[in-house]
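Data block for final04.pdb (PDB, C-alpha atoms, pLDDT in the B column):
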ATOM      1  CA  ILE X   4    -111.435  83.343  75.512  1.00 67.00           C
ATOM      2  CA  ASN X   5    -110.353  86.948  76.164  1.00 78.00           C
ATOM      3  CA  ASN X   6    -107.719  87.205  78.948  1.00 86.00           C
ATOM      4  CA  THR X   7    -107.049  83.467  78.679  1.00 90.00           C
ATOM      5  CA  GLU X   8    -103.447  82.271  79.078  1.00 90.00           C
ATOM      6  CA  LEU X   9    -103.961  78.617  78.131  1.00 91.00           C
ATOM      7  CA  VAL X  10    -106.766  76.351  76.940  1.00 93.00           C
ATOM      8  CA  ILE X  11    -106.867  72.766  78.240  1.00 94.00           C
ATOM      9  CA  CYS X  12    -108.892  70.507  75.946  1.00 93.00           C
ATOM     10  CA  PHE X  13    -110.253  67.316  77.474  1.00 93.00           C
ATOM     11  CA  GLY X  14    -111.271  64.996  74.662  1.00 91.00           C
ATOM     12  CA  GLY X  15    -109.688  63.653  71.521  1.00 87.00           C
ATOM     13  CA  ASP X  16    -108.212  65.090  68.354  1.00 86.00           C
ATOM     14  CA  GLY X  17    -111.613  66.415  67.249  1.00 86.00           C
ATOM     15  CA  THR X  18    -111.871  68.554  70.392  1.00 88.00           C
ATOM     16  CA  ILE X  19    -108.398  69.981  69.815  1.00 89.00           C
ATOM     17  CA  LEU X  20    -109.106  70.672  66.131  1.00 88.00           C
ATOM     18  CA  HIS X  21    -112.352  72.434  67.011  1.00 89.00           C
ATOM     19  CA  MET X  22    -110.662  74.689  69.572  1.00 91.00           C
ATOM     20  CA  ALA X  23    -107.534  75.362  67.493  1.00 89.00           C
ATOM     21  CA  LYS X  24    -109.167  78.009  65.291  1.00 86.00           C
ATOM     22  CA  THR X  25    -110.455  80.101  68.174  1.00 88.00           C
ATOM     23  CA  ALA X  26    -107.288  79.749  70.246  1.00 91.00           C
ATOM     24  CA  THR X  27    -105.045  80.610  67.294  1.00 89.00           C
ATOM     25  CA  ARG X  28    -106.982  83.774  66.507  1.00 87.00           C
ATOM     26  CA  LYS X  29    -106.402  84.903  70.114  1.00 90.00           C
ATOM     27  CA  ASN X  30    -102.781  83.611  70.228  1.00 90.00           C
ATOM     28  CA  VAL X  31    -103.596  81.255  73.121  1.00 93.00           C
ATOM     29  CA  PRO X  32    -101.774  77.890  73.415  1.00 93.00           C
ATOM     30  CA  ILE X  33    -103.703  74.624  73.739  1.00 94.00           C
ATOM     31  CA  LEU X  34    -102.886  71.621  75.919  1.00 94.00           C
ATOM     32  CA  GLY X  35    -104.697  68.476  74.863  1.00 93.00           C
ATOM     33  CA  VAL X  36    -105.598  65.772  77.378  1.00 95.00           C
ATOM     34  CA  ASN X  37    -106.747  62.635  75.593  1.00 93.00           C
ATOM     35  CA  ILE X  38    -109.929  61.124  76.960  1.00 91.00           C
ATOM     36  CA  GLY X  39    -111.263  60.312  73.487  1.00 74.00           C
ATOM     37  CA  THR X  40    -110.511  57.483  71.108  1.00 77.00           C
ATOM     38  CA  LEU X  41    -107.917  59.269  68.951  1.00 72.00           C
ATOM     39  CA  GLY X  42    -105.275  61.257  70.792  1.00 78.00           C
ATOM     40  CA  PHE X  43    -102.448  61.818  68.327  1.00 81.00           C
ATOM     41  CA  MET X  44    -102.485  65.568  69.006  1.00 86.00           C
ATOM     42  CA  ALA X  45    -102.888  65.361  72.770  1.00 89.00           C
ATOM     43  CA  GLU X  46     -99.822  65.909  74.924  1.00 91.00           C
ATOM     44  CA  LEU X  47    -101.230  64.099  77.973  1.00 93.00           C
ATOM     45  CA  GLU X  48    -103.285  60.972  78.530  1.00 92.00           C
ATOM     46  CA  SER X  49    -106.079  60.856  81.112  1.00 89.00           C
ATOM     47  CA  SER X  50    -103.763  58.789  83.346  1.00 91.00           C
ATOM     48  CA  GLU X  51    -101.289  61.724  83.496  1.00 93.00           C
ATOM     49  CA  LEU X  52    -103.513  64.425  85.034  1.00 93.00           C
ATOM     50  CA  GLU X  53    -101.006  65.013  87.855  1.00 95.00           C
ATOM     51  CA  MET X  54     -98.742  66.577  85.194  1.00 94.00           C
ATOM     52  CA  LEU X  55    -101.158  69.533  84.978  1.00 94.00           C
ATOM     53  CA  SER X  56     -99.632  70.888  88.215  1.00 94.00           C
ATOM     54  CA  ARG X  57     -96.506  71.753  86.176  1.00 94.00           C
ATOM     55  CA  LEU X  58     -98.496  74.488  84.439  1.00 93.00           C
ATOM     56  CA  ALA X  59     -98.777  76.502  87.667  1.00 91.00           C
ATOM     57  CA  LYS X  60     -94.984  76.293  88.085  1.00 93.00           C
ATOM     58  CA  ASP X  61     -94.296  77.414  84.477  1.00 90.00           C
ATOM     59  CA  GLU X  62     -92.620  74.046  83.829  1.00 92.00           C
ATOM     60  CA  TYR X  63     -93.658  73.632  80.205  1.00 91.00           C
ATOM     61  CA  THR X  64     -92.729  74.610  76.678  1.00 91.00           C
ATOM     62  CA  VAL X  65     -94.984  75.642  73.817  1.00 91.00           C
ATOM     63  CA  ASP X  66     -94.642  73.846  70.479  1.00 89.00           C
ATOM     64  CA  ARG X  67     -95.554  76.000  67.505  1.00 89.00           C
ATOM     65  CA  ARG X  68     -97.652  74.282  64.837  1.00 91.00           C
ATOM     66  CA  MET X  69     -98.225  75.446  61.311  1.00 93.00           C
ATOM     67  CA  MET X  70    -101.789  76.198  60.253  1.00 93.00           C
ATOM     68  CA  ILE X  71    -103.269  76.355  56.788  1.00 94.00           C
ATOM     69  CA  ASP X  72    -105.153  79.365  55.419  1.00 94.00           C
ATOM     70  CA  VAL X  73    -107.974  78.273  53.084  1.00 95.00           C
ATOM     71  CA  VAL X  74    -109.773  80.406  50.519  1.00 95.00           C
ATOM     72  CA  VAL X  75    -112.450  78.963  48.200  1.00 94.00           C
ATOM     73  CA  GLN X  76    -113.203  81.123  45.183  1.00 92.00           C
ATOM     74  CA  ARG X  77    -115.716  80.889  42.379  1.00 89.00           C
ATOM     75  CA  ASP X  78    -114.508  83.215  39.653  1.00 88.00           C
ATOM     76  CA  ARG X  79    -113.476  86.307  41.665  1.00 90.00           C
ATOM     77  CA  ASP X  80    -115.939  85.773  44.527  1.00 95.00           C
ATOM     78  CA  ILE X  81    -114.635  84.402  47.835  1.00 96.00           C
ATOM     79  CA  ILE X  82    -117.265  81.930  49.025  1.00 96.00           C
ATOM     80  CA  PHE X  83    -115.327  80.524  52.003  1.00 95.00           C
ATOM     81  CA  HIS X  84    -112.287  81.564  54.067  1.00 95.00           C
ATOM     82  CA  ASP X  85    -110.967  79.872  57.215  1.00 92.00           C
ATOM     83  CA  ILE X  86    -107.863  78.457  58.893  1.00 90.00           C
ATOM     84  CA  GLY X  87    -107.139  74.880  59.889  1.00 90.00           C
ATOM     85  CA  LEU X  88    -104.644  72.913  61.941  1.00 92.00           C
ATOM     86  CA  ASN X  89    -104.959  69.608  60.073  1.00 94.00           C
ATOM     87  CA  ASP X  90    -105.903  69.641  56.416  1.00 96.00           C
ATOM     88  CA  VAL X  91    -108.131  70.735  53.585  1.00 95.00           C
ATOM     89  CA  VAL X  92    -109.875  68.111  51.473  1.00 95.00           C
ATOM     90  CA  ILE X  93    -111.095  68.778  47.957  1.00 92.00           C
ATOM     91  CA  THR X  94    -113.309  65.885  46.941  1.00 88.00           C
ATOM     92  CA  LYS X  95    -115.867  64.778  44.417  1.00 77.00           C
ATOM     93  CA  GLY X  96    -118.627  64.735  47.031  1.00 74.00           C
ATOM     94  CA  ALA X  97    -121.221  62.036  47.459  1.00 72.00           C
ATOM     95  CA  VAL X  98    -121.791  61.480  43.734  1.00 72.00           C
ATOM     96  CA  ALA X  99    -119.960  58.402  42.435  1.00 69.00           C
ATOM     97  CA  ARG X 100    -117.804  60.024  39.780  1.00 79.00           C
ATOM     98  CA  ILE X 101    -114.174  60.963  39.287  1.00 86.00           C
ATOM     99  CA  ALA X 102    -112.912  64.395  40.300  1.00 86.00           C
ATOM    100  CA  HIS X 103    -110.429  65.696  37.729  1.00 91.00           C
ATOM    101  CA  LEU X 104    -108.193  68.158  39.553  1.00 92.00           C
ATOM    102  CA  SER X 105    -105.270  70.381  38.695  1.00 94.00           C
ATOM    103  CA  VAL X 106    -102.855  71.338  41.488  1.00 96.00           C
ATOM    104  CA  LYS X 107    -100.454  74.254  41.117  1.00 96.00           C
ATOM    105  CA  CYS X 108     -97.670  75.445  43.418  1.00 97.00           C
ATOM    106  CA  ASP X 109     -97.080  79.200  43.025  1.00 97.00           C
ATOM    107  CA  GLY X 110     -98.898  79.037  39.696  1.00 96.00           C
ATOM    108  CA  VAL X 111     -96.741  76.198  38.310  1.00 96.00           C
ATOM    109  CA  GLN X 112     -98.459  72.909  37.448  1.00 95.00           C
ATOM    110  CA  ALA X 113     -97.476  70.327  40.110  1.00 94.00           C
ATOM    111  CA  LEU X 114     -99.888  67.522  39.331  1.00 93.00           C
ATOM    112  CA  GLN X 115    -103.095  66.744  37.508  1.00 92.00           C
ATOM    113  CA  CYS X 116    -105.093  63.667  38.296  1.00 89.00           C
ATOM    114  CA  GLY X 117    -108.457  62.017  38.363  1.00 90.00           C
ATOM    115  CA  GLY X 118    -109.691  60.242  41.456  1.00 91.00           C
ATOM    116  CA  ASP X 119    -111.596  60.863  44.662  1.00 92.00           C
ATOM    117  CA  GLY X 120    -109.859  64.176  45.403  1.00 93.00           C
ATOM    118  CA  ILE X 121    -106.830  65.849  46.958  1.00 96.00           C
ATOM    119  CA  ILE X 122    -105.735  66.419  50.564  1.00 97.00           C
ATOM    120  CA  VAL X 123    -103.641  69.491  51.346  1.00 98.00           C
ATOM    121  CA  ALA X 124    -102.250  68.940  54.836  1.00 97.00           C
ATOM    122  CA  THR X 125    -100.063  70.595  57.439  1.00 97.00           C
ATOM    123  CA  PRO X 126     -97.415  68.504  59.228  1.00 96.00           C
ATOM    124  CA  THR X 127     -99.915  68.049  62.084  1.00 93.00           C
ATOM    125  CA  GLY X 128    -102.417  66.732  59.531  1.00 94.00           C
ATOM    126  CA  SER X 129     -99.859  64.388  57.976  1.00 95.00           C
ATOM    127  CA  THR X 130    -100.840  61.652  60.454  1.00 90.00           C
ATOM    128  CA  ALA X 131    -104.569  61.994  59.733  1.00 91.00           C
ATOM    129  CA  TYR X 132    -106.428  61.527  56.437  1.00 94.00           C
ATOM    130  CA  SER X 133    -103.269  62.184  54.390  1.00 96.00           C
ATOM    131  CA  LEU X 134    -101.510  59.206  56.008  1.00 94.00           C
ATOM    132  CA  SER X 135    -104.526  56.972  55.352  1.00 94.00           C
ATOM    133  CA  ALA X 136    -104.415  58.026  51.686  1.00 95.00           C
ATOM    134  CA  GLY X 137    -100.728  57.048  51.394  1.00 95.00           C
ATOM    135  CA  GLY X 138     -99.067  60.342  52.338  1.00 96.00           C
ATOM    136  CA  PRO X 139     -95.845  60.669  54.348  1.00 97.00           C
ATOM    137  CA  ILE X 140     -95.556  61.325  58.070  1.00 95.00           C
ATOM    138  CA  VAL X 141     -93.991  64.773  58.560  1.00 96.00           C
ATOM    139  CA  GLU X 142     -92.481  66.032  61.815  1.00 93.00           C
ATOM    140  CA  PRO X 143     -95.142  68.171  63.573  1.00 89.00           C
ATOM    141  CA  GLU X 144     -92.931  71.246  63.938  1.00 89.00           C
ATOM    142  CA  ALA X 145     -91.782  71.165  60.293  1.00 94.00           C
ATOM    143  CA  ARG X 146     -92.882  73.932  57.933  1.00 95.00           C
ATOM    144  CA  ASN X 147     -94.230  71.964  54.956  1.00 97.00           C
ATOM    145  CA  ILE X 148     -97.393  71.482  52.953  1.00 98.00           C
ATOM    146  CA  ILE X 149     -98.267  67.905  52.007  1.00 98.00           C
ATOM    147  CA  ILE X 150    -100.350  67.331  48.858  1.00 97.00           C
ATOM    148  CA  THR X 151    -101.833  63.820  48.756  1.00 97.00           C
ATOM    149  CA  PRO X 152    -104.086  62.464  45.981  1.00 96.00           C
ATOM    150  CA  ILE X 153    -107.048  60.396  47.225  1.00 94.00           C
ATOM    151  CA  CYS X 154    -107.473  57.104  45.339  1.00 91.00           C
ATOM    152  CA  SER X 155    -105.944  58.459  42.144  1.00 90.00           C
ATOM    153  CA  HIS X 156    -106.855  56.674  38.922  1.00 88.00           C
ATOM    154  CA  ASP X 157    -103.464  57.672  37.523  1.00 83.00           C
ATOM    155  CA  VAL X 158    -100.842  55.065  38.479  1.00 81.00           C
ATOM    156  CA  GLY X 159     -97.912  57.513  38.501  1.00 81.00           C
ATOM    157  CA  THR X 160     -99.522  60.134  40.748  1.00 87.00           C
ATOM    158  CA  ARG X 161     -97.577  60.608  43.995  1.00 92.00           C
ATOM    159  CA  CYS X 162     -97.635  62.848  47.061  1.00 95.00           C
ATOM    160  CA  ILE X 163     -95.793  66.139  46.993  1.00 96.00           C
ATOM    161  CA  VAL X 164     -94.167  67.848  49.985  1.00 97.00           C
ATOM    162  CA  THR X 165     -93.580  71.580  49.509  1.00 97.00           C
ATOM    163  CA  SER X 166     -92.380  74.548  51.504  1.00 96.00           C
ATOM    164  CA  ASP X 167     -94.935  76.398  53.626  1.00 96.00           C
ATOM    165  CA  LYS X 168     -94.077  79.480  51.557  1.00 96.00           C
ATOM    166  CA  ARG X 169     -95.874  78.031  48.504  1.00 96.00           C
ATOM    167  CA  VAL X 170     -99.382  78.998  47.485  1.00 96.00           C
ATOM    168  CA  ILE X 171    -101.238  75.825  46.553  1.00 97.00           C
ATOM    169  CA  THR X 172    -104.097  76.216  44.081  1.00 96.00           C
ATOM    170  CA  THR X 173    -106.478  73.393  43.254  1.00 95.00           C
ATOM    171  CA  GLN X 174    -108.948  73.630  40.417  1.00 92.00           C
ATOM    172  CA  ILE X 175    -111.527  71.298  38.931  1.00 87.00           C
ATOM    173  CA  VAL X 176    -110.437  70.829  35.311  1.00 87.00           C
ATOM    174  CA  ARG X 177    -113.540  68.981  34.044  1.00 72.00           C
ATOM    175  CA  ASN X 178    -116.643  67.253  35.364  1.00 57.00           C
TER     176      ASN X 178
END
Would you mind giving the structure from this file in structure tokens?
Amino acid sequence: INNTELVICFGGDGTILHMAKTATRKNVPILGVNIGTLGFMAELESSELEMLSRLAKDEYTVDRRMMIDVVVQRDRDIIFHDIGLNDVVITKGAVARIAHLSVKCDGVQALQCGGDGIIVATPTGSTAYSLSAGGPIVEPEARNIIITPICSHDVGTRCIVTSDKRVITTQIVRN
């Protein structure tokens, strides 16, 4: 991807999500052409391939999308660190039991619930799993973090939309 000016992804949303990490690290824009089943993130459909000629004429704009920086810690040890375009899902796993989670925004308790888990999404991810779990649709170029409980057992638990400047911390409070 070195010396690349633009990446054109032919596929669906999964193809774009897969390429987003690499392209972002190299500061290379992505143009999605939907030839898959889900194409919410794609700018063009397969029937619009003639529009690709506009790239050579510099007749395009680049939309900036927020990404999420994810760190998983156990005590003080970092066991996972990555970036994502869509969302992060903290879930109970395959075992049929309730995940009891605490969610803090900048260290302040925002919600605590039991259920299948929590989705922390970017605006791009607001139309994916978060939407299916009852979260709001957020404009793709907005700078927000969407926190959506998954099948909460607590009737009053709702989604939260925060600023992208917040640090969201999720912790298992009991098993």
Residue neighbourhood Gln174 (chain X), 8 Å, all atoms listed in the file, exclusion window fewer than 5 positions, as a short mmCIF file (atom, residue, chain, number, x, y, z; two decimals) with C-alpha atoms, keeping the file's coordinate frame:
data_model
loop_
_atom_site.label_atom_id
_atom_site.label_comp_id
_atom_site.auth_asym_id
_atom_site.auth_seq_id
_atom_site.Cartn_x
_atom_site.Cartn_y
_atom_site.Cartn_z
CA LEU X 104 -108.19 68.16 39.55
CA SER X 105 -105.27 70.38 38.70
CA VAL X 106 -102.86 71.34 41.49
#
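Evaluated against the shown file, the PyMOL selection byres ((chain X and resi 35) around 10) gives Val10, Ile11, Cys12, Phe13, Gly14, Gly15, Asp16, Thr18, Ile19, Pro32, Ile33, Leu34, Val36, Asn37, Ile38, Gly42, Phe43, Met44, Ala45, Glu46, Leu47, Glu48 and Ser49 of chain X.
Closest to Gln115 (chain X) among X:Ile149, X:His84, X:Thr172, X:Ser129 is X:Thr172, based on only C-alpha atoms.
Among the candidates X:Asn147, X:Thr25, X:Thr160, X:Ser155, the one nearest to Leu114 (chain X) when counting only C-alpha atoms is X:Thr160.
If you look at CA of Val141 (chain X) and CA of Val73 (chain X), they are 20.2 Å away from each other.
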Tell me which residues the PyMOL selection byres ((chain X and resi 89) around 7) grabs here, as JSON, numbers by chain. {"X": [87, 88, 90, 124, 125, 127, 128]}
Go ahead and find all residues with at least one atom no further than 9 Å from (-106.8, 82.0, 63.4) in the file's coordinates, using all atoms listed in the file; report them as a ChimeraX atom specification. /X:23-30,70,72,85-87
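Taking all atoms listed in the file into account, Asp109 (chain X) lies nearest to X:Ile171 out of the set X:Ile171, X:Val65, X:Val176, X:Val31.
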So which one's closest to Cys116 (chain X), X:Thr40, X:Thr130, X:Ser50, X:Thr151? Using all atoms listed in the file, please. X:Thr151
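Using all atoms listed in the file, the shortest contact distance between Val158 (chain X) and any of X:Val92, X:Gly118, X:Arg177, X:Thr7 is found at X:Gly118.
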Go through X:Met69, X:Cys162, X:Cys108, X:Val75 one by one, measure the shortest atom-to-atom distance of each to Ser133 (chain X) using only C-alpha atoms, and give the residue with the smallest value. X:Cys162
Just the number, please: distance in Å from CA of Gly39 (chain X) to CA of Met22 (chain X), one decimal. 14.9 Å
Interatomic distance (Å, one decimal) between CA of Ala136 (chain X) and CA of Ala113 (chain X): 18.3 Å
Around all of region 118-136 of chain X's listed atoms, make the axis-aligned box with 3 Å on each side and tell me centre and edge lengths in Å to one decimal, as lines of an AutoDock Vina configuration file.
center_x = -104.5
center_y = 63.8
center_z = 51.8
size_x = 20.2
size_y = 19.6
size_z = 26.6
Residues at most 6 Å from Ile150 (chain X), counting only C-alpha atoms, excluding those fewer than 2 positions away in the same chain, as a JSON list (two decimals) with C-alpha atoms, keeping the file's coordinate frame?
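Generated file (selection_34.json):
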[["chain", "number", "residue", "atom", "x", "y", "z"],
["X", 122, "ILE", "CA", -105.74, 66.42, 50.56],
["X", 123, "VAL", "CA", -103.64, 69.49, 51.35],
["X", 162, "CYS", "CA", -97.64, 62.85, 47.06],
["X", 163, "ILE", "CA", -95.79, 66.14, 46.99]]
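This file, filtered with the PyMOL selection byres ((chain X and resi 165) around 6), gives the residues Asn147, Ile148, Val164 and Ser166 of chain X.
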Since the input is missing atoms, can you rebuild all heavy atoms for region 143-154 of chain X and write them as a PDB file, in the frame of the given file?
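Final file, rebuild25.pdb:
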ATOM      1  N   PRO X 143     -94.119  67.167  63.274  1.00 89.00           N
ATOM      2  CA  PRO X 143     -95.142  68.171  63.573  1.00 89.00           C
ATOM      3  C   PRO X 143     -94.659  69.616  63.547  1.00 89.00           C
ATOM      4  O   PRO X 143     -95.423  70.508  63.207  1.00 89.00           O
ATOM      5  CB  PRO X 143     -95.619  67.797  64.975  1.00 89.00           C
ATOM      6  CG  PRO X 143     -95.274  66.373  65.133  1.00 89.00           C
ATOM      7  CD  PRO X 143     -94.042  66.139  64.313  1.00 89.00           C
ATOM      8  N   GLU X 144     -93.422  69.872  63.913  1.00 89.00           N
ATOM      9  CA  GLU X 144     -92.931  71.246  63.938  1.00 89.00           C
ATOM     10  C   GLU X 144     -92.291  71.678  62.622  1.00 89.00           C
ATOM     11  O   GLU X 144     -91.796  72.797  62.505  1.00 89.00           O
ATOM     12  CB  GLU X 144     -91.961  71.436  65.102  1.00 89.00           C
ATOM     13  CG  GLU X 144     -92.678  71.363  66.449  1.00 89.00           C
ATOM     14  CD  GLU X 144     -91.775  71.715  67.616  1.00 89.00           C
ATOM     15  OE1 GLU X 144     -90.884  72.561  67.457  1.00 89.00           O
ATOM     16  OE2 GLU X 144     -91.978  71.136  68.690  1.00 89.00           O
ATOM     17  N   ALA X 145     -92.322  70.813  61.610  1.00 94.00           N
ATOM     18  CA  ALA X 145     -91.782  71.165  60.293  1.00 94.00           C
ATOM     19  C   ALA X 145     -92.661  72.244  59.662  1.00 94.00           C
ATOM     20  O   ALA X 145     -93.782  72.483  60.088  1.00 94.00           O
ATOM     21  CB  ALA X 145     -91.727  69.932  59.394  1.00 94.00           C
ATOM     22  N   ARG X 146     -92.153  72.879  58.648  1.00 95.00           N
ATOM     23  CA  ARG X 146     -92.882  73.932  57.933  1.00 95.00           C
ATOM     24  C   ARG X 146     -93.070  73.472  56.487  1.00 95.00           C
ATOM     25  O   ARG X 146     -92.366  73.929  55.600  1.00 95.00           O
ATOM     26  CB  ARG X 146     -92.126  75.260  57.985  1.00 95.00           C
ATOM     27  CG  ARG X 146     -91.717  75.735  59.376  1.00 95.00           C
ATOM     28  CD  ARG X 146     -92.838  76.210  60.234  1.00 95.00           C
ATOM     29  NE  ARG X 146     -93.544  77.321  59.609  1.00 95.00           N
ATOM     30  CZ  ARG X 146     -94.655  77.832  60.102  1.00 95.00           C
ATOM     31  NH1 ARG X 146     -95.179  77.338  61.200  1.00 95.00           N
ATOM     32  NH2 ARG X 146     -95.263  78.823  59.500  1.00 95.00           N
ATOM     33  N   ASN X 147     -93.987  72.521  56.279  1.00 97.00           N
ATOM     34  CA  ASN X 147     -94.230  71.964  54.956  1.00 97.00           C
ATOM     35  C   ASN X 147     -95.722  71.869  54.678  1.00 97.00           C
ATOM     36  O   ASN X 147     -96.531  71.835  55.600  1.00 97.00           O
ATOM     37  CB  ASN X 147     -93.641  70.553  54.833  1.00 97.00           C
ATOM     38  CG  ASN X 147     -92.149  70.529  54.949  1.00 97.00           C
ATOM     39  OD1 ASN X 147     -91.607  70.061  55.942  1.00 97.00           O
ATOM     40  ND2 ASN X 147     -91.462  71.043  53.945  1.00 97.00           N
ATOM     41  N   ILE X 148     -96.035  71.768  53.396  1.00 98.00           N
ATOM     42  CA  ILE X 148     -97.393  71.482  52.953  1.00 98.00           C
ATOM     43  C   ILE X 148     -97.337  70.142  52.235  1.00 98.00           C
ATOM     44  O   ILE X 148     -96.469  69.926  51.383  1.00 98.00           O
ATOM     45  CB  ILE X 148     -97.916  72.575  52.003  1.00 98.00           C
ATOM     46  CG1 ILE X 148     -97.933  73.932  52.709  1.00 98.00           C
ATOM     47  CG2 ILE X 148     -99.309  72.210  51.482  1.00 98.00           C
ATOM     48  CD1 ILE X 148     -98.206  75.099  51.776  1.00 98.00           C
ATOM     49  N   ILE X 149     -98.235  69.236  52.595  1.00 98.00           N
ATOM     50  CA  ILE X 149     -98.267  67.905  52.007  1.00 98.00           C
ATOM     51  C   ILE X 149     -99.489  67.827  51.094  1.00 98.00           C
ATOM     52  O   ILE X 149    -100.613  68.091  51.526  1.00 98.00           O
ATOM     53  CB  ILE X 149     -98.347  66.809  53.101  1.00 98.00           C
ATOM     54  CG1 ILE X 149     -97.162  66.931  54.069  1.00 98.00           C
ATOM     55  CG2 ILE X 149     -98.379  65.428  52.480  1.00 98.00           C
ATOM     56  CD1 ILE X 149     -97.447  67.674  55.315  1.00 98.00           C
ATOM     57  N   ILE X 150     -99.263  67.465  49.831  1.00 97.00           N
ATOM     58  CA  ILE X 150    -100.350  67.331  48.858  1.00 97.00           C
ATOM     59  C   ILE X 150    -100.481  65.842  48.548  1.00 97.00           C
ATOM     60  O   ILE X 150     -99.558  65.236  48.014  1.00 97.00           O
ATOM     61  CB  ILE X 150    -100.050  68.123  47.574  1.00 97.00           C
ATOM     62  CG1 ILE X 150     -99.785  69.599  47.920  1.00 97.00           C
ATOM     63  CG2 ILE X 150    -101.189  67.975  46.573  1.00 97.00           C
ATOM     64  CD1 ILE X 150     -99.150  70.389  46.796  1.00 97.00           C
ATOM     65  N   THR X 151    -101.626  65.255  48.905  1.00 97.00           N
ATOM     66  CA  THR X 151    -101.833  63.820  48.756  1.00 97.00           C
ATOM     67  C   THR X 151    -103.076  63.538  47.918  1.00 97.00           C
ATOM     68  O   THR X 151    -104.186  63.915  48.310  1.00 97.00           O
ATOM     69  CB  THR X 151    -102.006  63.149  50.137  1.00 97.00           C
ATOM     70  OG1 THR X 151    -100.922  63.518  50.978  1.00 97.00           O
ATOM     71  CG2 THR X 151    -102.068  61.637  50.015  1.00 97.00           C
ATOM     72  N   PRO X 152    -102.912  62.881  46.763  1.00 96.00           N
ATOM     73  CA  PRO X 152    -104.086  62.464  45.981  1.00 96.00           C
ATOM     74  C   PRO X 152    -104.865  61.388  46.741  1.00 96.00           C
ATOM     75  O   PRO X 152    -104.290  60.559  47.439  1.00 96.00           O
ATOM     76  CB  PRO X 152    -103.476  61.879  44.704  1.00 96.00           C
ATOM     77  CG  PRO X 152    -102.065  62.353  44.679  1.00 96.00           C
ATOM     78  CD  PRO X 152    -101.659  62.558  46.098  1.00 96.00           C
ATOM     79  N   ILE X 153    -106.190  61.406  46.597  1.00 94.00           N
ATOM     80  CA  ILE X 153    -107.048  60.396  47.225  1.00 94.00           C
ATOM     81  C   ILE X 153    -107.486  59.422  46.139  1.00 94.00           C
ATOM     82  O   ILE X 153    -108.191  59.796  45.204  1.00 94.00           O
ATOM     83  CB  ILE X 153    -108.292  61.028  47.878  1.00 94.00           C
ATOM     84  CG1 ILE X 153    -107.901  62.140  48.847  1.00 94.00           C
ATOM     85  CG2 ILE X 153    -109.124  59.960  48.579  1.00 94.00           C
ATOM     86  CD1 ILE X 153    -109.084  62.992  49.293  1.00 94.00           C
ATOM     87  N   CYS X 154    -107.074  58.165  46.273  1.00 91.00           N
ATOM     88  CA  CYS X 154    -107.473  57.104  45.339  1.00 91.00           C
ATOM     89  C   CYS X 154    -107.356  57.543  43.886  1.00 91.00           C
ATOM     90  O   CYS X 154    -108.318  57.464  43.109  1.00 91.00           O
ATOM     91  CB  CYS X 154    -108.894  56.623  45.633  1.00 91.00           C
ATOM     92  SG  CYS X 154    -109.091  55.893  47.266  1.00 91.00           S
TER      93      CYS X 154
END
